[in-house]
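Here is upload_19.cif, consisting of mmCIF, C-alpha atoms:
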```cif
data_protein
loop_
_atom_site.label_atom_id
_atom_site.label_comp_id
_atom_site.auth_asym_id
_atom_site.auth_seq_id
_atom_site.Cartn_x
_atom_site.Cartn_y
_atom_site.Cartn_z
CA MET A 1 6.37 26.02 -3.40
CA ALA A 2 7.22 24.11 -6.56
CA ARG A 3 6.39 20.46 -6.53
CA LYS A 4 7.61 17.44 -8.41
CA ILE A 5 5.87 14.22 -9.29
CA LEU A 6 7.19 10.70 -9.01
CA VAL A 7 5.59 7.88 -10.98
CA LEU A 8 6.36 4.65 -9.14
CA LEU A 9 6.65 1.55 -11.29
CA GLY A 10 6.60 -2.03 -10.12
CA THR A 11 8.02 -4.25 -12.86
CA LYS A 12 8.95 -7.85 -13.40
CA LYS A 13 12.58 -6.84 -12.85
CA GLY A 14 12.63 -4.27 -10.09
CA THR A 15 11.24 -0.89 -9.16
CA PHE A 16 11.69 2.12 -11.43
CA ILE A 17 10.79 5.77 -10.78
CA ALA A 18 9.95 8.38 -13.41
CA GLU A 19 10.26 11.95 -12.19
CA SER A 20 9.10 15.30 -13.56
CA ASP A 21 8.11 18.79 -12.51
CA GLU A 22 4.48 19.90 -12.36
CA ALA A 23 4.35 20.50 -16.12
CA ARG A 24 4.88 16.75 -16.63
CA ARG A 25 6.45 17.20 -20.09
CA ASP A 26 10.07 16.18 -19.43
CA TRP A 27 10.79 13.02 -17.48
CA LYS A 28 13.83 11.36 -15.98
CA LEU A 29 13.84 7.66 -15.26
CA ARG A 30 15.85 5.96 -12.53
CA GLY A 31 16.19 2.39 -11.31
CA PRO A 32 16.09 -0.53 -11.19
CA TYR A 33 15.74 -0.73 -7.42
CA CYS A 34 14.89 -3.57 -5.02
CA GLU A 35 17.65 -5.82 -6.38
CA THR A 36 15.60 -6.37 -9.57
CA TRP A 37 13.05 -8.45 -7.66
CA PRO A 38 9.67 -8.89 -9.35
CA MET A 39 7.64 -6.07 -7.79
CA ASN A 40 3.86 -6.40 -8.02
CA HIS A 41 2.90 -3.11 -6.37
CA VAL A 42 4.96 -0.03 -5.54
CA MET A 43 3.15 2.83 -3.83
CA ALA A 44 3.74 5.68 -1.39
CA ASP A 45 2.26 6.99 1.81
CA PRO A 46 1.46 10.56 0.79
CA SER A 47 1.53 11.76 4.42
CA THR A 48 5.17 10.71 4.97
CA GLY A 49 6.61 10.28 1.47
CA THR A 50 7.74 6.76 2.35
CA ILE A 51 7.68 4.45 -0.67
CA PHE A 52 6.69 0.83 -0.18
CA GLY A 53 7.10 -2.02 -2.65
CA GLY A 54 5.50 -5.45 -2.45
CA GLY A 55 6.85 -8.36 -4.40
CA GLY A 56 8.15 -11.86 -4.38
CA ASN A 57 11.34 -13.44 -5.62
CA GLU A 58 11.43 -17.01 -6.92
CA TRP A 59 14.53 -17.72 -4.83
CA PHE A 60 14.02 -15.63 -1.72
CA GLY A 61 10.26 -15.41 -1.25
CA PRO A 62 7.95 -12.50 -0.43
CA ALA A 63 8.93 -9.17 1.12
CA VAL A 64 7.88 -5.58 1.49
CA TRP A 65 10.55 -3.09 0.54
CA LYS A 66 10.61 0.52 1.71
CA SER A 67 12.49 3.72 1.03
CA HIS A 68 12.53 6.87 3.14
CA ASP A 69 14.50 8.90 0.58
CA LEU A 70 12.26 8.76 -2.49
CA GLY A 71 13.81 5.58 -3.78
CA GLU A 72 17.54 6.21 -3.42
CA THR A 73 18.03 3.54 -0.72
CA TRP A 74 15.84 0.60 0.26
CA SER A 75 15.40 -1.95 3.04
CA HIS A 76 13.19 -5.02 3.13
CA SER A 77 11.33 -7.15 5.65
CA SER A 78 8.92 -10.03 5.84
CA GLU A 79 8.91 -10.64 9.61
CA GLY A 80 5.51 -12.11 10.45
CA LEU A 81 4.48 -12.15 6.79
CA ALA A 82 3.75 -15.87 6.85
CA TYR A 83 0.95 -18.35 7.27
CA GLU A 84 1.13 -21.00 9.96
CA ALA A 85 3.23 -24.12 9.42
CA GLY A 86 1.68 -26.68 7.11
CA VAL A 87 -0.30 -24.17 5.06
CA GLU A 88 0.82 -23.30 1.52
CA PRO A 89 3.49 -20.63 2.06
CA ILE A 90 3.14 -17.07 0.81
CA LYS A 91 4.64 -16.66 -2.62
CA ALA A 92 4.48 -12.90 -3.13
CA VAL A 93 3.03 -9.62 -1.93
CA TRP A 94 0.54 -8.25 -4.45
CA SER A 95 -1.02 -5.10 -2.99
CA LEU A 96 -0.30 -2.41 -0.42
CA ALA A 97 -2.36 0.37 1.14
CA THR A 98 -1.87 2.83 4.01
CA ARG A 99 -4.15 4.77 6.34
CA ASP A 100 -3.25 6.66 9.51
CA GLY A 101 0.04 4.84 10.03
CA ALA A 102 -1.35 1.36 9.36
CA LEU A 103 0.08 -0.49 6.37
CA TYR A 104 -1.85 -3.36 4.78
CA ALA A 105 -0.49 -6.03 2.46
CA GLY A 106 -2.45 -8.41 0.26
CA VAL A 107 -0.61 -11.59 -0.64
CA GLN A 108 -0.63 -14.76 -2.75
CA PRO A 109 -2.20 -17.20 -1.85
CA ALA A 110 -4.89 -14.68 -0.98
CA GLY A 111 -4.67 -13.26 2.51
CA LEU A 112 -4.34 -9.93 4.29
CA PHE A 113 -1.65 -8.68 6.68
CA ARG A 114 -1.27 -5.48 8.68
CA SER A 115 1.80 -3.65 9.94
CA ASP A 116 1.72 -0.96 12.62
CA ASP A 117 5.45 -0.25 12.54
CA ASN A 118 5.88 0.93 8.97
CA GLY A 119 6.40 -2.47 7.42
CA LYS A 120 9.00 -3.81 9.85
CA THR A 121 6.76 -6.55 11.28
CA TRP A 122 3.42 -7.98 10.15
CA GLN A 123 0.32 -9.51 11.70
CA HIS A 124 -2.00 -11.85 9.84
CA LEU A 125 -5.64 -10.69 9.76
CA ASP A 126 -6.84 -14.25 9.61
CA GLY A 127 -10.57 -13.56 9.50
CA LEU A 128 -10.45 -13.68 5.72
CA GLN A 129 -8.96 -17.19 5.81
CA LYS A 130 -11.74 -18.25 8.17
CA HIS A 131 -14.54 -17.17 5.85
CA PRO A 132 -16.73 -20.19 5.02
CA SER A 133 -16.17 -19.64 1.30
CA ARG A 134 -12.37 -19.95 1.59
CA PRO A 135 -12.15 -23.68 0.67
CA HIS A 136 -14.00 -22.90 -2.57
CA TRP A 137 -11.79 -20.07 -3.84
CA ASN A 138 -10.13 -20.81 -7.18
CA PRO A 139 -7.09 -19.04 -8.58
CA GLY A 140 -7.26 -16.75 -11.60
CA GLY A 141 -4.66 -16.71 -14.35
CA ALA A 142 -2.07 -15.00 -12.12
CA GLY A 143 -2.80 -17.27 -9.15
CA LEU A 144 -4.98 -16.83 -6.07
CA ILE A 145 -4.00 -13.23 -5.47
CA LEU A 146 -5.35 -10.45 -3.27
CA HIS A 147 -4.66 -7.61 -5.67
CA SER A 148 -7.12 -4.87 -4.81
CA LEU A 149 -7.02 -3.28 -1.39
CA VAL A 150 -9.33 -0.36 -0.67
CA LEU A 151 -9.43 1.37 2.72
CA HIS A 152 -12.31 3.54 3.91
CA PRO A 153 -10.97 7.08 4.16
CA GLU A 154 -12.49 7.74 7.59
CA ASP A 155 -13.60 4.45 9.16
CA ASP A 156 -10.62 2.42 10.43
CA GLY A 157 -12.65 -0.78 10.48
CA GLN A 158 -13.69 -0.88 6.84
CA VAL A 159 -11.59 -2.59 4.19
CA TRP A 160 -12.56 -3.95 0.78
CA VAL A 161 -10.43 -6.53 -1.00
CA GLY A 162 -10.52 -7.93 -4.51
CA ILE A 163 -9.35 -11.51 -4.94
CA SER A 164 -8.91 -13.36 -8.23
CA ALA A 165 -11.02 -15.34 -8.58
CA ALA A 166 -12.98 -15.21 -5.33
CA GLY A 167 -14.53 -11.76 -5.82
CA VAL A 168 -14.94 -8.71 -3.61
CA PHE A 169 -15.08 -9.03 0.18
CA HIS A 170 -15.69 -6.37 2.83
CA THR A 171 -14.94 -6.14 6.53
CA ALA A 172 -16.45 -3.59 8.91
CA ASP A 173 -14.44 -4.71 11.94
CA GLY A 174 -10.84 -4.37 10.85
CA GLY A 175 -10.55 -7.79 9.29
CA ALA A 176 -12.12 -10.06 11.91
CA THR A 177 -15.19 -10.91 9.84
CA TRP A 178 -15.91 -10.55 6.14
CA GLU A 179 -18.84 -10.70 3.73
CA PRO A 180 -18.83 -11.17 -0.05
CA ARG A 181 -19.96 -8.10 -2.02
CA ASN A 182 -20.53 -9.37 -5.54
CA ARG A 183 -24.26 -9.04 -6.13
CA GLY A 184 -24.88 -8.09 -9.74
CA THR A 185 -21.47 -9.06 -11.14
CA ARG A 186 -21.30 -11.87 -13.68
CA ALA A 187 -19.24 -15.02 -13.77
CA ASP A 188 -19.55 -16.09 -17.42
CA PHE A 189 -17.18 -18.98 -16.78
CA PHE A 190 -19.75 -20.80 -14.63
CA PRO A 191 -22.52 -22.98 -16.11
CA GLU A 192 -25.65 -21.30 -17.44
CA GLY A 193 -27.97 -20.37 -14.61
CA GLN A 194 -25.10 -20.06 -12.12
CA ASN A 195 -23.61 -16.85 -13.46
CA TYR A 196 -24.40 -14.60 -10.48
CA PRO A 197 -22.95 -16.48 -7.48
CA GLU A 198 -22.39 -15.05 -4.02
CA PHE A 199 -18.63 -15.31 -4.55
CA GLY A 200 -16.20 -16.69 -7.15
CA GLN A 201 -16.29 -13.76 -9.57
CA CYS A 202 -13.06 -12.75 -11.28
CA VAL A 203 -12.64 -9.17 -10.12
CA HIS A 204 -9.72 -7.49 -11.87
CA CYS A 205 -9.57 -4.09 -10.19
CA LEU A 206 -11.57 -2.32 -7.49
CA VAL A 207 -11.36 1.43 -6.82
CA MET A 208 -13.27 3.95 -4.70
CA ALA A 209 -14.56 7.30 -5.94
CA PRO A 210 -12.91 10.27 -4.21
CA GLY A 211 -15.05 11.80 -1.47
CA GLU A 212 -17.80 9.20 -1.92
CA PRO A 213 -16.85 6.03 -0.05
CA ASP A 214 -20.05 4.31 -1.10
CA THR A 215 -19.29 4.81 -4.79
CA MET A 216 -16.99 2.14 -6.15
CA TYR A 217 -15.98 0.99 -9.60
CA GLN A 218 -14.94 -2.50 -10.60
CA GLN A 219 -13.30 -3.77 -13.76
CA ASN A 220 -14.15 -7.43 -13.83
CA HIS A 221 -13.11 -10.25 -16.14
CA CYS A 222 -16.79 -10.26 -17.11
CA GLY A 223 -17.90 -6.67 -17.29
CA MET A 224 -17.45 -3.17 -15.94
CA TYR A 225 -19.49 -2.18 -12.89
CA ARG A 226 -20.39 0.65 -10.50
CA SER A 227 -21.74 0.41 -6.99
CA LYS A 228 -23.44 3.20 -5.08
CA ASP A 229 -23.74 1.27 -1.83
CA GLY A 230 -20.20 0.27 -0.93
CA GLY A 231 -20.25 -2.83 -3.08
CA ARG A 232 -23.42 -4.42 -1.70
CA SER A 233 -24.86 -4.29 -5.22
CA TRP A 234 -23.33 -3.61 -8.61
CA GLU A 235 -24.75 -2.35 -11.90
CA SER A 236 -23.20 -2.72 -15.32
CA ILE A 237 -21.68 0.41 -16.87
CA GLU A 238 -20.08 -1.32 -19.85
CA SER A 239 -22.47 0.08 -22.47
CA GLY A 240 -20.47 2.31 -24.80
CA LEU A 241 -17.15 0.58 -24.16
CA PRO A 242 -15.45 -1.36 -26.98
CA SER A 243 -15.16 -4.42 -24.74
CA SER A 244 -16.30 -5.54 -21.33
CA PHE A 245 -12.85 -7.00 -20.68
CA GLY A 246 -9.91 -5.16 -19.21
CA PHE A 247 -7.75 -5.02 -16.14
CA PRO A 248 -7.11 -1.60 -14.55
CA ALA A 249 -9.42 1.19 -13.45
CA ALA A 250 -8.20 4.54 -12.13
CA ALA A 251 -10.33 7.03 -10.25
CA HIS A 252 -9.94 10.78 -10.63
CA PRO A 253 -8.30 12.41 -7.57
CA ARG A 254 -11.24 14.79 -6.97
CA ASP A 255 -14.21 14.03 -9.22
CA PRO A 256 -16.17 10.94 -8.17
CA SER A 257 -17.86 10.70 -11.59
CA THR A 258 -14.63 10.56 -13.61
CA LEU A 259 -12.97 7.22 -14.21
CA PHE A 260 -10.31 5.93 -16.58
CA LEU A 261 -10.19 2.44 -18.11
CA VAL A 262 -8.11 0.53 -20.64
CA PRO A 263 -10.46 -2.00 -22.26
CA LEU A 264 -8.74 -4.85 -24.08
CA ASN A 265 -10.19 -6.69 -27.04
CA GLY A 266 -11.49 -9.67 -25.09
CA ASP A 267 -10.41 -12.50 -22.84
CA SER A 268 -10.07 -15.03 -25.66
CA ALA A 269 -9.16 -12.60 -28.45
CA GLY A 270 -5.55 -11.86 -27.51
CA ARG A 271 -6.05 -9.38 -24.67
CA TYR A 272 -4.53 -6.41 -26.49
CA MET A 273 -5.81 -3.01 -27.56
CA PRO A 274 -9.04 -3.26 -29.61
CA ASP A 275 -8.12 -3.21 -33.33
CA ALA A 276 -4.49 -2.80 -32.17
CA LYS A 277 -5.19 0.94 -31.64
CA ALA A 278 -4.40 2.20 -28.16
CA ALA A 279 -6.95 4.19 -26.19
CA VAL A 280 -7.78 5.09 -22.64
CA TRP A 281 -11.52 5.35 -22.12
CA ARG A 282 -12.88 8.06 -19.83
CA THR A 283 -16.25 8.73 -18.32
CA ARG A 284 -17.26 12.04 -16.78
CA ASP A 285 -20.69 10.86 -15.64
CA GLY A 286 -20.05 7.78 -13.55
CA GLY A 287 -20.09 5.37 -16.45
CA SER A 288 -23.22 6.46 -18.33
CA THR A 289 -21.14 7.53 -21.33
CA TRP A 290 -17.54 6.89 -22.40
CA GLN A 291 -15.01 8.72 -24.57
CA ALA A 292 -11.91 7.21 -26.20
CA MET A 293 -8.77 9.25 -25.57
CA ARG A 294 -6.20 8.50 -28.27
CA GLU A 295 -4.08 11.59 -29.01
CA GLY A 296 -0.42 10.62 -28.73
CA LEU A 297 -1.10 6.92 -28.26
CA PRO A 298 -0.07 4.42 -30.98
CA GLN A 299 -2.86 3.89 -33.48
CA GLU A 300 -1.39 0.93 -35.30
CA ASN A 301 0.25 -2.34 -34.21
CA ALA A 302 -0.57 -1.76 -30.54
CA TYR A 303 -0.56 -5.38 -29.48
CA PHE A 304 -0.02 -4.73 -25.80
CA GLY A 305 -2.03 -5.11 -22.64
CA VAL A 306 -2.15 -3.19 -19.37
CA LEU A 307 -2.21 -5.12 -16.12
CA ARG A 308 -4.66 -4.62 -13.25
CA GLN A 309 -2.52 -2.31 -11.11
CA ALA A 310 -0.76 -0.54 -13.97
CA MET A 311 -2.80 2.67 -14.24
CA ALA A 312 -2.99 5.65 -11.88
CA THR A 313 -3.85 9.32 -11.62
CA ASP A 314 -1.98 12.07 -9.79
CA ARG A 315 -3.42 14.83 -7.57
CA LEU A 316 -2.18 17.78 -9.61
CA GLU A 317 -4.48 20.18 -11.49
CA PRO A 318 -5.42 19.13 -14.10
CA ALA A 319 -5.02 15.54 -13.04
CA GLY A 320 -2.34 13.43 -14.68
CA VAL A 321 -3.07 9.90 -15.86
CA TYR A 322 -0.45 7.19 -16.36
CA PHE A 323 -0.39 3.62 -17.56
CA GLY A 324 2.32 1.02 -18.05
CA THR A 325 2.19 -1.83 -20.54
CA GLY A 326 3.08 -5.48 -20.44
CA GLY A 327 5.71 -4.62 -23.05
CA GLY A 328 7.45 -2.13 -20.76
CA ALA A 329 6.20 1.22 -22.06
CA LEU A 330 5.00 4.02 -19.80
CA PHE A 331 2.52 6.58 -21.15
CA ALA A 332 1.59 9.82 -19.40
CA SER A 333 -1.12 12.44 -19.80
CA ALA A 334 -0.92 15.81 -18.02
CA ASP A 335 -4.43 16.82 -19.05
CA GLU A 336 -6.81 14.17 -17.72
CA GLY A 337 -6.32 11.88 -20.69
CA GLU A 338 -6.80 14.40 -23.54
CA SER A 339 -3.26 13.87 -24.88
CA TRP A 340 -0.44 11.46 -24.17
CA ILE A 341 3.34 11.12 -24.38
CA GLU A 342 5.51 8.03 -24.12
CA VAL A 343 7.77 8.44 -21.09
CA ALA A 344 9.65 5.13 -21.37
CA ALA A 345 9.63 2.42 -24.01
CA HIS A 346 11.85 -0.46 -23.02
CA LEU A 347 11.25 -1.30 -19.38
CA PRO A 348 10.51 -4.80 -18.07
CA ALA A 349 6.82 -5.76 -18.01
CA ILE A 350 5.07 -3.16 -15.83
CA SER A 351 2.93 -4.59 -13.04
CA SER A 352 1.95 -1.44 -11.19
CA VAL A 353 1.83 2.33 -11.57
CA GLU A 354 1.29 4.77 -8.69
CA THR A 355 2.09 8.45 -8.16
CA LEU A 356 3.55 10.64 -5.43
CA VAL A 357 3.59 14.44 -5.43
CA VAL A 358 6.23 16.04 -3.19
CA ASP A 359 7.81 19.47 -2.69
CA ALA A 360 10.61 19.99 -5.18
CA MET B 1 29.77 -22.10 4.31
CA ARG B 2 29.35 -20.20 1.08
CA LEU B 3 26.38 -17.98 0.38
CA PRO B 4 25.02 -16.89 -3.01
CA GLY B 5 25.64 -13.36 -4.24
CA GLY B 6 21.95 -12.64 -4.66
CA LEU B 7 21.44 -13.38 -0.96
CA VAL B 8 24.32 -11.38 0.49
CA ASP B 9 23.32 -8.42 -1.67
CA LEU B 10 20.13 -8.26 0.43
CA PHE B 11 22.09 -7.96 3.69
CA PRO B 12 24.70 -5.18 3.68
CA GLY B 13 27.93 -6.43 5.26
CA ALA B 14 27.14 -10.12 4.84
CA PRO B 15 30.14 -12.10 3.50
CA ARG B 16 30.10 -14.75 0.79
CA ARG B 17 32.07 -17.15 3.04
CA LEU B 18 31.76 -17.66 6.78
CA GLU B 19 31.83 -20.28 9.56
CA VAL B 20 29.11 -20.84 12.16
CA PRO B 21 28.68 -23.46 14.94
CA ALA B 22 25.61 -25.61 14.15
CA ALA B 23 24.59 -29.26 14.44
CA SER B 24 21.99 -29.16 11.66
CA VAL B 25 20.96 -27.09 8.66
CA ASP B 26 18.09 -25.69 10.74
CA GLU B 27 20.52 -24.51 13.41
CA MET B 28 22.81 -23.10 10.74
CA VAL B 29 19.96 -21.01 9.38
CA ASP B 30 19.18 -19.84 12.93
CA ARG B 31 22.80 -18.69 13.35
CA LEU B 32 22.60 -16.86 10.02
CA ASP B 33 19.37 -15.16 11.11
CA GLU B 34 21.02 -14.02 14.35
CA LEU B 35 23.91 -12.54 12.41
CA PHE B 36 21.75 -11.07 9.65
CA PRO B 37 18.15 -10.57 10.87
CA GLY B 38 15.65 -11.66 8.26
CA MET B 39 17.95 -14.08 6.43
CA ARG B 40 15.94 -17.10 7.58
CA ASP B 41 12.89 -15.80 5.70
CA ARG B 42 14.95 -15.52 2.53
CA LEU B 43 16.20 -19.13 2.72
CA CYS B 44 13.20 -20.92 4.24
CA ASP B 45 9.44 -20.73 3.93
CA SER B 46 6.74 -21.34 6.55
CA THR B 47 6.19 -25.02 5.64
CA PRO B 48 8.83 -25.00 7.24
CA ALA B 49 11.32 -26.01 4.56
CA VAL B 50 14.23 -24.73 2.55
CA ARG B 51 12.73 -22.61 -0.23
CA ARG B 52 11.96 -24.51 -3.40
CA HIS B 53 14.52 -22.69 -5.52
CA ILE B 54 17.27 -22.64 -2.89
CA ASN B 55 19.64 -25.59 -2.81
CA ILE B 56 21.82 -26.42 0.19
CA PHE B 57 24.63 -28.91 -0.44
CA ILE B 58 26.74 -30.51 2.32
CA ASP B 59 29.90 -32.17 1.10
CA GLY B 60 28.24 -32.52 -2.30
CA GLU B 61 24.90 -33.94 -1.07
CA ARG B 62 21.64 -31.96 -1.23
CA ALA B 63 20.32 -31.26 2.29
CA ARG B 64 17.04 -30.43 4.04
CA LEU B 65 16.41 -28.41 7.18
CA GLY B 66 16.78 -31.46 9.40
CA THR B 67 20.01 -32.71 7.84
CA PRO B 68 22.77 -32.95 10.49
CA LEU B 69 26.08 -31.17 10.08
CA SER B 70 29.36 -32.84 10.98
CA PRO B 71 32.28 -30.83 12.41
CA GLY B 72 34.21 -29.07 9.69
CA CYS B 73 31.80 -29.89 6.90
CA GLU B 74 31.53 -27.57 3.94
CA VAL B 75 28.09 -26.15 3.12
CA PHE B 76 27.16 -24.53 -0.18
CA VAL B 77 23.96 -22.45 -0.34
CA LEU B 78 23.05 -21.98 -3.99
CA THR B 79 20.26 -20.40 -6.00
CA ALA B 80 18.64 -22.83 -8.44
CA ILE B 81 18.09 -22.08 -12.10
CA SER B 82 14.92 -19.98 -12.11
CA GLY B 83 13.27 -16.95 -13.62
CA GLY B 84 12.97 -15.46 -17.06
#
```
Could you render the structure as structure tokens?
Amino acid sequence: MARKILVLLGTKKGTFIAESDEARRDWKLRGPYCETWPMNHVMADPSTGTIFGGGGNEWFGPAVWKSHDLGETWSHSSEGLAYEAGVEPIKAVWSLATRDGALYAGVQPAGLFRSDDNGKTWQHLDGLQKHPSRPHWNPGGAGLILHSLVLHPEDDGQVWVGISAAGVFHTADGGATWEPRNRGTRADFFPEGQNYPEFGQCVHCLVMAPGEPDTMYQQNHCGMYRSKDGGRSWESIESGLPSSFGFPAAAHPRDPSTLFLVPLNGDSAGRYMPDAKAAVWRTRDGGSTWQAMREGLPQENAYFGVLRQAMATDRLEPAGVYFGTGGGALFASADEGESWIEVAAHLPAISSVETLVVDA
Amino acid sequence: MRLPGGLVDLFPGAPRRLEVPAASVDEMVDRLDELFPGMRDRLCDSTPAVRRHINIFIDGERARLGTPLSPGCEVFVLTAISGG
């Protein structure tokens, strides 16, 4: 049966959806949805086709939106999505992930919630708040946000989170207890001699390699890293990249050694494409070597950045790769990054990019 | 009471103007939440307090959750200047 692909976009002013057939040459864009709320992460449960969107509105607070009809109609809820009275209230939802009917939401200020009724009601997994390091967490540039949420594909109890700027934490018991997993990642913004703390690193994006739950990749404010032991230890794989600074990382849907990055020119150098020439960098060997993929991407005056959740792959063959820019452009590759087209040019700032493949 | 357009757009069927029996702003928000489940979360945070960028005026005076309501008073719920 023919299939179609939806690229789900969370933007500063609502959710948008780009849609194409399997060739991924011609695209139609629709939106904005979710009442033009700022949407930090829009994703789908591939087993049901339900689309979820997490965001927060300056007037009306945080909510998780959902659509059962591929984005045509939406509802929203935040029942139970709250800290106890007296604690700084939740400002926005920043990350979503699903597994076997459970839906998880990472929020700002950093915390983790779970829904077992498809996002209608939420329970706080307060073990993360009770971690002894919690009083020492400091916010990154976007606030104290839980932006990366990685679920073990088989073990219900295991969850990894990335918090800016507290680092990576892991639970093996469904969120009751947590341990930091940051060994080997740098914190250049701490005094000399204190650059490898137990926690406090500025993780930007955490992803898991397909089929290898112990293999993880991390784009950090201070370096690019790979772990082969579920995040217990990390090794630098930034050699060969134009910069150690960037935000997103996107794993290949099938090959655990292939990863896509968008390095920027540096944290204090403007945070745009190196030399203002756009490129996605790809490794085929787990980060030992890197190749710049530029065909179809602007090679002059590319003064844009790509945010931490704004790159994704699809599960088609060959895999598609997509990224959205802070300036509201969406680029797509239907050939694993070899060549690119611009799908949209004038959207609001794009916060997140995810994909959903469904029967046409 | 009058509700802002951005709020009623989130709750299909909610009117811009309505009357509810309530002795305080807190009770008024409870009545709204009964009529339109989830509306309390949109107007108030977990402090608990009226959200920072929501303004509730009673007879021209800015109110808090605990502010009492007198019979027949007119309440305006407004969105503050915000965003970009």
Excluding Val42 of chain A and its own-chain neighbours fewer than 2 positions away, which residues fall within 8 Å of it when counting only C-alpha atoms? Please give them as a PDB file with C-alpha atoms, in the frame of the given file.
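Listed below is the output, around.pdb:
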```pdb
ATOM      1  CA  LEU A   8       6.360   4.650  -9.140  1.00  0.00           C
ATOM      2  CA  LEU A   9       6.650   1.550 -11.290  1.00  0.00           C
ATOM      3  CA  GLY A  10       6.600  -2.030 -10.120  1.00  0.00           C
ATOM      4  CA  THR A  15      11.240  -0.890  -9.160  1.00  0.00           C
ATOM      5  CA  MET A  39       7.640  -6.070  -7.790  1.00  0.00           C
ATOM      6  CA  ASN A  40       3.860  -6.400  -8.020  1.00  0.00           C
ATOM      7  CA  ALA A  44       3.740   5.680  -1.390  1.00  0.00           C
ATOM      8  CA  ILE A  51       7.680   4.450  -0.670  1.00  0.00           C
ATOM      9  CA  PHE A  52       6.690   0.830  -0.180  1.00  0.00           C
ATOM     10  CA  GLY A  53       7.100  -2.020  -2.650  1.00  0.00           C
ATOM     11  CA  GLY A  54       5.500  -5.450  -2.450  1.00  0.00           C
ATOM     12  CA  LEU A  96      -0.300  -2.410  -0.420  1.00  0.00           C
ATOM     13  CA  SER A 352       1.950  -1.440 -11.190  1.00  0.00           C
ATOM     14  CA  VAL A 353       1.830   2.330 -11.570  1.00  0.00           C
ATOM     15  CA  GLU A 354       1.290   4.770  -8.690  1.00  0.00           C
TER      16      GLU A 354
END
```
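Closest approach to chain A from the set B:Thr79, B:Ser70, B:Ser24, B:Asn55 is made by B:Thr79, with distances taken over all atoms listed in the file.
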Can you pull out every residue within 8 Å of segment 225-230 of chain A, counting only C-alpha atoms, but drop anything in the same chain fewer than 3 positions away, and send it as a CSV table (one decimal) with C-alpha atoms, in the frame of the given file?
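Everything below was put into around-v9.csv:
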```csv
chain,number,residue,atom,x,y,z
A,185,THR,CA,-21.5,-9.1,-11.1
A,213,PRO,CA,-16.8,6.0,0.0
A,214,ASP,CA,-20.0,4.3,-1.1
A,215,THR,CA,-19.3,4.8,-4.8
A,216,MET,CA,-17.0,2.1,-6.2
A,217,TYR,CA,-16.0,1.0,-9.6
A,218,GLN,CA,-14.9,-2.5,-10.6
A,219,GLN,CA,-13.3,-3.8,-13.8
A,220,ASN,CA,-14.2,-7.4,-13.8
A,233,SER,CA,-24.9,-4.3,-5.2
A,234,TRP,CA,-23.3,-3.6,-8.6
A,235,GLU,CA,-24.8,-2.4,-11.9
A,236,SER,CA,-23.2,-2.7,-15.3
A,237,ILE,CA,-21.7,0.4,-16.9
A,238,GLU,CA,-20.1,-1.3,-19.8
A,286,GLY,CA,-20.0,7.8,-13.6
A,287,GLY,CA,-20.1,5.4,-16.4
```
* Asked: Pick the closest to Phe57 of chain B from B:Arg42, B:Pro71, B:Leu3, B:Pro21: which is it, counting only C-alpha atoms?
  -> B:Leu3
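Evaluated against this file, the PyMOL selection byres ((chain B) within 6 of (chain A)) yields Arg42, Ser46, Thr47, His53 and Ile54 of chain B.
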Could you tell me which residues the PyMOL selection byres ((chain B and resi 2) around 8) grabs in this file, written as an mmCIF file with C-alpha atoms, in the frame of the given file?
```cif
data_model
loop_
_atom_site.group_PDB
_atom_site.id
_atom_site.type_symbol
_atom_site.label_atom_id
_atom_site.label_comp_id
_atom_site.auth_asym_id
_atom_site.auth_seq_id
_atom_site.Cartn_x
_atom_site.Cartn_y
_atom_site.Cartn_z
ATOM 1 C CA MET B 1 29.770 -22.100 4.310
ATOM 2 C CA LEU B 3 26.380 -17.980 0.380
ATOM 3 C CA PRO B 4 25.020 -16.890 -3.010
ATOM 4 C CA ARG B 16 30.100 -14.750 0.790
ATOM 5 C CA ARG B 17 32.070 -17.150 3.040
ATOM 6 C CA LEU B 18 31.760 -17.660 6.780
ATOM 7 C CA VAL B 75 28.090 -26.150 3.120
ATOM 8 C CA PHE B 76 27.160 -24.530 -0.180
ATOM 9 C CA VAL B 77 23.960 -22.450 -0.340
#
```
Taking every listed atom of segment 44-52 of chain A and adding 8 Å to each side, what centre and edge lengths in Å (one decimal) does the axis-aligned box have, as AutoDock Vina command-line options?
```
--center_x 4.6 --center_y 6.3 --center_z 1.8 --size_x 22.3 --size_y 26.9 --size_z 22.4
```
* Nearest to Leu128 of chain A among A:Trp178, A:Phe113, A:Trp160, A:Tyr322, with distances taken over all atoms listed in the file: which residue is it? -> A:Trp178
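The nearest approach to Val64 of chain A among the residues A:Trp137, A:Arg99, A:Trp122, A:Phe16, with all atoms listed in the file taken into account, belongs to A:Trp122.
As for atom CA of Cys222 of chain A and atom CA of Pro180 of chain A, they are spaced 17.2 Å apart.
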